[in-house]
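**Student:** Structure file target-v3.cif, mmCIF, C-alpha atoms, is pasted below:
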data_run
#
loop_
_atom_site.label_atom_id
_atom_site.label_comp_id
_atom_site.auth_asym_id
_atom_site.auth_seq_id
_atom_site.Cartn_x
_atom_site.Cartn_y
_atom_site.Cartn_z
CA MET A 10 23.42 15.53 -0.58
CA THR A 11 19.99 16.69 0.60
CA SER A 12 20.02 18.98 3.63
CA ASP A 13 17.59 19.00 6.55
CA ARG A 14 16.42 22.34 5.20
CA ASP A 15 15.40 20.70 1.93
CA VAL A 16 13.66 17.87 3.80
CA ALA A 17 11.80 20.44 5.91
CA ALA A 18 10.66 22.32 2.80
CA VAL A 19 9.17 19.11 1.39
CA GLY A 20 7.75 18.22 4.81
CA ARG A 21 5.90 21.52 5.00
CA ILE A 22 4.12 20.68 1.74
CA LEU A 23 3.11 17.30 3.19
CA VAL A 24 1.58 18.71 6.38
CA ASP A 25 -0.11 21.70 4.72
CA GLY A 26 -3.83 20.92 4.50
CA GLN A 27 -4.30 23.82 2.07
CA GLN A 28 -2.20 22.04 -0.56
CA GLU A 29 -3.93 19.84 -3.11
CA LEU A 30 -3.78 16.17 -2.14
CA PRO A 31 -1.78 15.02 -5.21
CA ALA A 32 0.98 17.53 -4.34
CA ARG A 33 1.03 16.26 -0.75
CA PHE A 34 1.30 12.66 -2.02
CA ARG A 35 4.26 13.61 -4.19
CA ALA A 36 5.87 15.27 -1.18
CA LEU A 37 5.28 12.13 0.90
CA PHE A 38 6.91 9.83 -1.62
CA THR A 39 9.80 12.28 -1.94
CA LEU A 40 10.36 12.04 1.82
CA ARG A 41 10.17 8.26 1.61
CA ASN A 42 12.90 8.26 -1.02
CA LEU A 43 15.07 10.75 0.88
CA GLY A 44 14.85 8.84 4.16
CA GLY A 45 16.52 9.76 7.44
CA ALA A 46 15.37 10.98 10.83
CA GLU A 47 13.94 14.29 9.61
CA ALA A 48 11.91 12.60 6.87
CA VAL A 49 10.48 10.15 9.42
CA ARG A 50 9.64 13.03 11.76
CA TRP A 51 7.78 15.03 9.11
CA ILE A 52 5.82 11.99 7.97
CA GLY A 53 4.88 11.25 11.58
CA GLU A 54 3.58 14.79 12.08
CA ALA A 55 1.00 14.34 9.32
CA PHE A 56 -0.95 11.66 11.23
CA SER A 57 -3.08 14.47 12.70
CA ASP A 58 -4.55 15.12 9.24
CA GLU A 59 -8.26 14.59 8.49
CA SER A 60 -7.64 12.49 5.36
CA ALA A 61 -7.70 8.75 6.09
CA LEU A 62 -6.20 8.15 2.65
CA LEU A 63 -3.20 10.35 3.36
CA LYS A 64 -2.65 8.78 6.79
CA HIS A 65 -2.86 5.30 5.26
CA GLU A 66 -0.11 6.27 2.82
CA LEU A 67 1.99 7.80 5.62
CA ALA A 68 2.01 4.45 7.41
CA TYR A 69 2.70 2.60 4.16
CA CYS A 70 5.73 4.77 3.42
CA LEU A 71 7.13 4.41 6.94
CA GLY A 72 6.91 0.64 6.56
CA GLN A 73 8.64 0.70 3.19
CA MET A 74 11.43 2.87 4.62
CA GLN A 75 12.11 0.18 7.28
CA ASP A 76 13.49 2.84 9.62
CA GLU A 77 13.15 1.75 13.25
CA ARG A 78 12.80 5.39 14.30
CA ALA A 79 9.25 5.16 12.92
CA ILE A 80 8.21 2.42 15.34
CA PRO A 81 6.94 4.71 18.17
CA VAL A 82 4.58 6.71 15.95
CA LEU A 83 3.31 3.57 14.23
CA GLU A 84 2.65 1.91 17.61
CA THR A 85 0.69 4.99 18.66
CA VAL A 86 -1.42 4.91 15.50
CA LEU A 87 -2.15 1.19 15.84
CA ARG A 88 -3.31 1.69 19.44
CA ASP A 89 -5.46 4.71 18.61
CA THR A 90 -9.00 3.44 18.11
CA GLU A 91 -10.05 6.95 17.02
CA GLN A 92 -8.01 6.44 13.86
CA GLU A 93 -9.79 4.96 10.86
CA PRO A 94 -9.47 1.15 10.47
CA MET A 95 -7.56 1.49 7.17
CA VAL A 96 -5.00 3.71 8.92
CA ARG A 97 -4.57 1.40 11.90
CA HIS A 98 -4.32 -1.58 9.55
CA GLU A 99 -1.53 0.08 7.59
CA ALA A 100 0.32 0.96 10.80
CA GLY A 101 0.22 -2.71 11.80
CA GLU A 102 1.47 -3.78 8.39
CA ALA A 103 4.25 -1.19 8.56
CA LEU A 104 5.43 -2.52 11.92
CA GLY A 105 5.69 -5.95 10.33
CA ALA A 106 7.54 -4.51 7.36
CA ILE A 107 10.16 -2.81 9.55
CA GLY A 108 10.87 -6.25 10.94
CA ASN A 109 12.01 -5.56 14.51
CA PRO A 110 10.82 -8.40 16.79
CA LYS A 111 10.36 -6.00 19.72
CA VAL A 112 6.89 -5.17 18.35
CA LEU A 113 5.82 -8.82 18.33
CA ASP A 114 3.88 -8.68 21.60
CA LEU A 115 1.99 -5.57 20.49
CA LEU A 116 1.10 -7.17 17.17
CA LYS A 117 -0.08 -10.32 18.95
CA GLN A 118 -2.26 -8.18 21.19
CA TYR A 119 -3.92 -6.45 18.24
CA SER A 120 -4.33 -9.74 16.38
CA GLU A 121 -7.47 -9.96 18.52
CA ASP A 122 -8.70 -6.47 17.63
CA PRO A 123 -12.48 -6.22 17.10
CA VAL A 124 -11.87 -4.50 13.75
CA VAL A 125 -11.32 -7.47 11.44
CA GLU A 126 -9.01 -5.66 8.99
CA VAL A 127 -6.74 -4.62 11.88
CA ALA A 128 -6.78 -8.10 13.42
CA GLU A 129 -5.99 -9.85 10.13
CA THR A 130 -3.19 -7.39 9.36
CA CYS A 131 -1.57 -7.93 12.74
CA GLN A 132 -1.87 -11.71 12.35
CA LEU A 133 -0.02 -11.42 9.03
CA ALA A 134 2.62 -9.16 10.58
CA VAL A 135 3.18 -11.67 13.40
CA ARG A 136 3.67 -14.45 10.85
CA ARG A 137 6.11 -12.29 8.87
CA LEU A 138 8.17 -11.51 11.97
CA GLU A 139 8.20 -15.18 12.97
CA TRP A 140 9.33 -16.04 9.43
CA LEU A 141 12.15 -13.46 9.68
CA MET A 142 13.17 -14.70 13.13
CA SER A 143 13.41 -18.25 11.79
CA GLY A 144 15.90 -17.08 9.16
CA GLY A 145 13.45 -17.00 6.29
CA ASP A 146 14.80 -13.78 4.80
CA ALA A 147 18.31 -15.24 4.64
CA GLU A 148 17.19 -18.22 2.58
CA LYS A 149 16.55 -16.38 -0.70
CA SER A 150 15.47 -19.71 -2.09
CA GLU A 151 15.98 -20.35 -5.77
CA ALA A 152 12.65 -22.18 -5.62
CA ALA A 153 10.81 -18.81 -5.48
CA ASP A 154 10.82 -15.98 -8.01
CA SER A 155 12.33 -12.70 -6.81
CA ASN A 156 10.31 -9.52 -6.33
CA PRO A 157 10.88 -7.19 -9.31
CA TYR A 158 9.01 -4.31 -7.62
CA CYS A 159 11.42 -3.52 -4.75
CA SER A 160 8.60 -3.44 -2.20
CA VAL A 161 8.59 -4.79 1.35
CA ASP A 162 5.69 -7.24 1.30
CA PRO A 163 3.58 -8.58 4.18
CA ALA A 164 4.47 -12.15 3.20
CA PRO A 165 7.27 -13.79 1.19
CA PRO A 166 6.37 -15.38 -2.16
CA ALA A 167 5.45 -19.03 -2.25
CA GLN A 168 7.79 -21.49 -3.89
CA ARG A 169 7.60 -21.61 -7.66
CA LYS A 170 4.56 -23.51 -8.92
CA SER A 171 2.31 -23.38 -11.96
CA VAL A 172 -0.24 -20.57 -12.19
CA PRO A 173 -3.18 -23.00 -11.69
CA GLU A 174 -1.54 -24.35 -8.52
CA LEU A 175 -0.87 -20.86 -7.18
CA ARG A 176 -4.40 -19.78 -8.09
CA MET A 177 -5.79 -22.71 -6.12
CA GLN A 178 -3.73 -21.70 -3.08
CA LEU A 179 -4.73 -18.05 -3.50
CA LEU A 180 -8.46 -18.75 -3.58
CA ASP A 181 -8.61 -21.48 -0.90
CA GLU A 182 -10.29 -19.66 1.98
CA SER A 183 -9.67 -22.61 4.30
CA LEU A 184 -5.93 -21.84 4.26
CA PRO A 185 -4.28 -19.35 6.63
CA LEU A 186 -4.24 -15.84 5.17
CA PHE A 187 -0.42 -15.82 5.27
CA GLU A 188 -0.24 -18.82 2.91
CA ARG A 189 -2.73 -17.22 0.52
CA TYR A 190 -0.69 -14.01 0.56
CA ARG A 191 2.39 -16.05 -0.32
CA ALA A 192 0.57 -17.34 -3.40
CA MET A 193 -0.52 -13.78 -4.21
CA PHE A 194 3.04 -12.46 -4.23
CA ALA A 195 4.31 -15.46 -6.15
CA LEU A 196 1.73 -14.75 -8.86
CA ARG A 197 2.65 -11.08 -8.89
CA ASN A 198 6.32 -11.89 -9.34
CA LEU A 199 5.50 -13.94 -12.46
CA SER A 200 4.19 -10.75 -14.14
CA SER A 201 2.28 -12.74 -16.78
CA GLU A 202 -1.22 -12.18 -18.10
CA GLU A 203 -2.23 -15.61 -16.80
CA ALA A 204 -1.05 -14.58 -13.34
CA VAL A 205 -2.95 -11.27 -13.60
CA LEU A 206 -6.19 -13.08 -14.43
CA ALA A 207 -5.73 -15.47 -11.51
CA LEU A 208 -5.19 -12.52 -9.17
CA GLY A 209 -8.26 -10.79 -10.57
CA ASP A 210 -10.35 -13.75 -9.41
CA GLY A 211 -9.16 -12.95 -5.89
CA LEU A 212 -11.27 -9.78 -5.91
CA GLN A 213 -14.28 -12.07 -5.30
CA CYS A 214 -12.90 -13.54 -2.05
CA GLY A 215 -14.40 -12.94 1.38
CA SER A 216 -11.77 -10.90 3.22
CA ALA A 217 -11.81 -7.16 2.47
CA LEU A 218 -8.16 -6.97 3.55
CA PHE A 219 -7.29 -9.70 1.06
CA ARG A 220 -9.20 -7.98 -1.76
CA HIS A 221 -7.48 -4.70 -0.95
CA GLU A 222 -4.08 -6.38 -1.26
CA ILE A 223 -5.10 -7.88 -4.61
CA GLY A 224 -5.82 -4.35 -5.83
CA TYR A 225 -2.40 -3.23 -4.61
CA VAL A 226 -0.45 -5.97 -6.42
CA LEU A 227 -2.42 -5.46 -9.63
CA GLY A 228 -1.39 -1.82 -9.45
CA GLN A 229 2.24 -2.85 -9.10
CA MET A 230 1.97 -5.12 -12.16
CA GLN A 231 0.42 -2.36 -14.33
CA HIS A 232 -1.01 -4.93 -16.74
CA GLU A 233 -3.94 -3.93 -18.92
CA ALA A 234 -5.59 -7.35 -18.44
CA SER A 235 -6.44 -6.31 -14.87
CA ILE A 236 -8.43 -3.22 -15.89
CA PRO A 237 -11.87 -4.93 -16.10
CA HIS A 238 -11.42 -6.49 -12.64
CA LEU A 239 -10.24 -3.24 -11.05
CA ARG A 240 -12.92 -1.20 -12.75
CA ALA A 241 -15.68 -3.56 -11.60
CA ALA A 242 -14.48 -3.31 -7.99
CA LEU A 243 -14.33 0.49 -8.11
CA GLU A 244 -17.79 0.71 -9.66
CA ASN A 245 -19.29 -1.59 -6.99
CA GLU A 246 -20.59 0.93 -4.47
CA THR A 247 -21.34 -1.85 -1.96
CA GLU A 248 -17.65 -2.87 -1.92
CA ASN A 249 -15.52 -1.96 1.10
CA ALA A 250 -14.09 1.55 0.60
CA MET A 251 -10.60 0.29 1.40
CA VAL A 252 -10.82 -2.09 -1.56
CA ARG A 253 -12.28 0.51 -3.91
CA HIS A 254 -9.52 2.97 -2.95
CA GLU A 255 -6.77 0.47 -3.76
CA CYS A 256 -8.38 -0.42 -7.09
CA ALA A 257 -8.65 3.26 -8.01
CA GLU A 258 -4.96 3.83 -7.32
CA ALA A 259 -4.12 0.70 -9.31
CA LEU A 260 -6.01 2.08 -12.31
CA GLY A 261 -4.00 5.29 -12.00
CA SER A 262 -0.76 3.31 -11.96
CA ILE A 263 -1.74 1.40 -15.11
CA GLY A 264 -2.23 4.79 -16.73
CA GLN A 265 -4.13 3.78 -19.85
CA ASP A 266 -6.97 5.64 -21.55
CA ALA A 267 -9.36 2.87 -20.49
CA CYS A 268 -8.76 3.91 -16.86
CA LEU A 269 -9.40 7.61 -17.34
CA SER A 270 -13.19 7.80 -17.63
CA VAL A 271 -13.96 5.64 -14.59
CA LEU A 272 -11.51 7.61 -12.42
CA GLN A 273 -13.02 10.89 -13.56
CA ARG A 274 -16.50 9.59 -12.74
CA TYR A 275 -15.65 8.41 -9.23
CA ARG A 276 -13.61 11.46 -8.22
CA GLU A 277 -17.01 12.74 -7.02
CA ASP A 278 -17.82 9.56 -5.07
CA GLY A 279 -19.71 9.86 -1.79
CA GLU A 280 -16.96 7.97 0.07
CA ARG A 281 -14.19 10.44 0.82
CA VAL A 282 -11.41 7.86 0.62
CA VAL A 283 -12.62 6.73 -2.82
CA LYS A 284 -13.02 10.31 -4.06
CA GLU A 285 -9.53 11.26 -2.89
CA SER A 286 -8.02 8.04 -4.29
CA CYS A 287 -9.42 8.92 -7.70
CA GLU A 288 -7.93 12.43 -7.45
CA VAL A 289 -4.51 10.96 -6.65
CA ALA A 290 -4.92 8.25 -9.29
CA LEU A 291 -5.66 10.83 -11.99
CA ASP A 292 -2.42 12.60 -11.06
CA MET A 293 -0.58 9.27 -11.27
CA LEU A 294 -2.20 8.59 -14.65
CA GLU A 295 -1.05 11.98 -15.89
CA TYR A 296 2.48 11.20 -14.69
CA GLU A 297 2.49 7.78 -16.40
CA ASN A 298 1.63 9.48 -19.70
CA SER A 299 4.05 12.39 -19.37
CA ALA A 300 7.73 13.09 -19.81
CA GLN A 301 8.13 13.85 -16.09
CA PHE A 302 11.35 12.38 -14.73
CA GLN A 303 9.83 11.06 -11.51
CA TYR A 304 6.57 10.97 -9.58
CA ALA A 305 8.25 11.84 -6.26
CA ASP A 306 9.16 15.36 -7.40
CA GLY A 307 8.87 17.25 -4.11
CA LEU A 308 12.41 18.62 -4.29
CA LEU A 309 11.87 19.88 -7.83
CA ARG A 310 8.72 21.67 -6.69
CA VAL A 311 10.53 23.24 -3.75
CA ASN A 312 13.41 24.43 -5.92
CA ALA A 313 11.04 25.80 -8.55
CA ALA A 314 9.23 27.84 -5.91
CA GLN A 315 12.44 29.49 -4.66
#
Step by step, read the file and then write its structure as structure tokens.
**Tutor:**
Amino acid sequence: MTSDRDVAAVGRILVDGQQELPARFRALFTLRNLGGAEAVRWIGEAFSDESALLKHELAYCLGQMQDERAIPVLETVLRDTEQEPMVRHEAGEALGAIGNPKVLDLLKQYSEDPVVEVAETCQLAVRRLEWLMSGGDAEKSEAADSNPYCSVDPAPPAQRKSVPELRMQLLDESLPLFERYRAMFALRNLSSEEAVLALGDGLQCGSALFRHEIGYVLGQMQHEASIPHLRAALENETENAMVRHECAEALGSIGQDACLSVLQRYREDGERVVKESCEVALDMLEYENSAQFQYADGLLRVNAAQ
């Protein structure tokens, strides 16, 4: 069993701004896997960092942990208009992922936020909580494919349909964002090349938040057919930095040689979040092509240093 002392040793790597960012990311994901009050506390402490990318991932991990002890720090981050929009957005999504209805009023309040990515995220989180409160999570309908990626998603998958039908729902910008997200996760769960290509078309849609989520799910799928779509988005310097960051990390997750050159090129990008995403993605790519046992190797690093 991991002791609080071990958790603290990993936590110190996370909050140490002198450490290279890939090492801090590995420490973060180690804390996510370890869980518990001390892990939540250390992750919360890192929200004072200067890196928007790191803070975005802090919020993401707290949401995936679904530990209600993280709610106060996530509420603080969502309210803090000095935080970058991508950080506040991820805090809102994390509050929805944790799933406690006591945050519903706060999420409704920030559904009207002037920052569109924050507002759209909170609208999605409200819909997810309402879906949970109506018993949606207990249904586990056989009419929808299960999630093979073990992630807590901002929307449940749509009922099983053909890829063309799901693609139509995904790309229909007249539909509520929640319904389009449901199509997105249904396509992801299919894990087919046809589904990947349909999702790739979503990178042309109007909402930056939506495009960012497309990048995320393509990274989960790790299918080589998505590389041209992800690469084009990363190379588009007029694209929202939040989208480019997610596409960079997705290329790192896919881990193929075709991803290497573009990540190396954009690790010097003028947008800090894109530059840092490429640094982290190159570390992920190295991991995907190595014999390393796990990416979240913070405990191994701590023990090796002793």
**Student:** Sorted by chain and rising residue number, list the residues of stretch 225-307 of chain A at most 12 Å from stretch 34-47 of chain A (counting only C-alpha atoms), each with its closest atom pair and distance in Å to one decimal, as CSV.
**Tutor:**
residue,atom,partner,partner_atom,distance
A:Glu285,CA,A:Phe34,CA,11.0
A:Ser286,CA,A:Phe34,CA,10.6
A:Glu288,CA,A:Phe34,CA,10.7
A:Val289,CA,A:Phe34,CA,7.6
A:Ala290,CA,A:Phe34,CA,10.5
A:Asp292,CA,A:Arg35,CA,9.6
A:Met293,CA,A:Arg35,CA,9.6
A:Tyr296,CA,A:Arg35,CA,10.9
A:Gln303,CA,A:Arg35,CA,9.5
A:Tyr304,CA,A:Arg35,CA,6.4
A:Ala305,CA,A:Thr39,CA,4.6
A:Asp306,CA,A:Arg35,CA,6.1
A:Gly307,CA,A:Ala36,CA,4.6
**Student:** Translate the PyMOL selection byres ((chain A and resi 53-63) around 7) into a concrete residue list for this structure, as a PyMOL selection string.
**Tutor:** chain A and resi 24+49-52+64-67+82+93+96+282
**Student:** What is the atom CA of A:Ala134-atom CA of A:Arg176 distance in Å, reported with one decimal?
**Tutor:**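 If I compute the distance from atom CA of A:Ala134 to atom CA of A:Arg176, I get 22.6 Å.
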**Student:** Rank nothing, just name the residue among A:Leu116, A:Ala32, A:Ala100, A:Ala257 nearest to A:Arg310, using only C-alpha atoms.
**Tutor:**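 Closest to A:Arg310, using only C-alpha atoms: A:Ala32.
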**Student:** Could you check how far atom CA of A:Leu87 sits from atom CA of A:Leu115, in Å to one decimal?
**Tutor:**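 Atom-to-atom, atom CA of A:Leu87 to atom CA of A:Leu115, that is 9.2 Å.
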**Student:** Might you spell out which residues the PyMOL selection byres ((chain A and resi 234) around 10) would select in the displayed file, as a compact mmCIF listing (two decimals) with C-alpha atoms, keeping the file's coordinate frame?
**Tutor:**
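Wrote it out as expr16.txt, contents follow:
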# COMPACT_ATOMS: atom_id res chain seq x y z
CA SER A 201 2.28 -12.74 -16.78
CA GLU A 202 -1.22 -12.18 -18.10
CA GLU A 203 -2.23 -15.61 -16.80
CA ALA A 204 -1.05 -14.58 -13.34
CA VAL A 205 -2.95 -11.27 -13.60
CA LEU A 206 -6.19 -13.08 -14.43
CA GLY A 209 -8.26 -10.79 -10.57
CA LEU A 227 -2.42 -5.46 -9.63
CA GLN A 231 0.42 -2.36 -14.33
CA HIS A 232 -1.01 -4.93 -16.74
CA GLU A 233 -3.94 -3.93 -18.92
CA SER A 235 -6.44 -6.31 -14.87
CA ILE A 236 -8.43 -3.22 -15.89
CA PRO A 237 -11.87 -4.93 -16.10
CA HIS A 238 -11.42 -6.49 -12.64
CA LEU A 239 -10.24 -3.24 -11.05
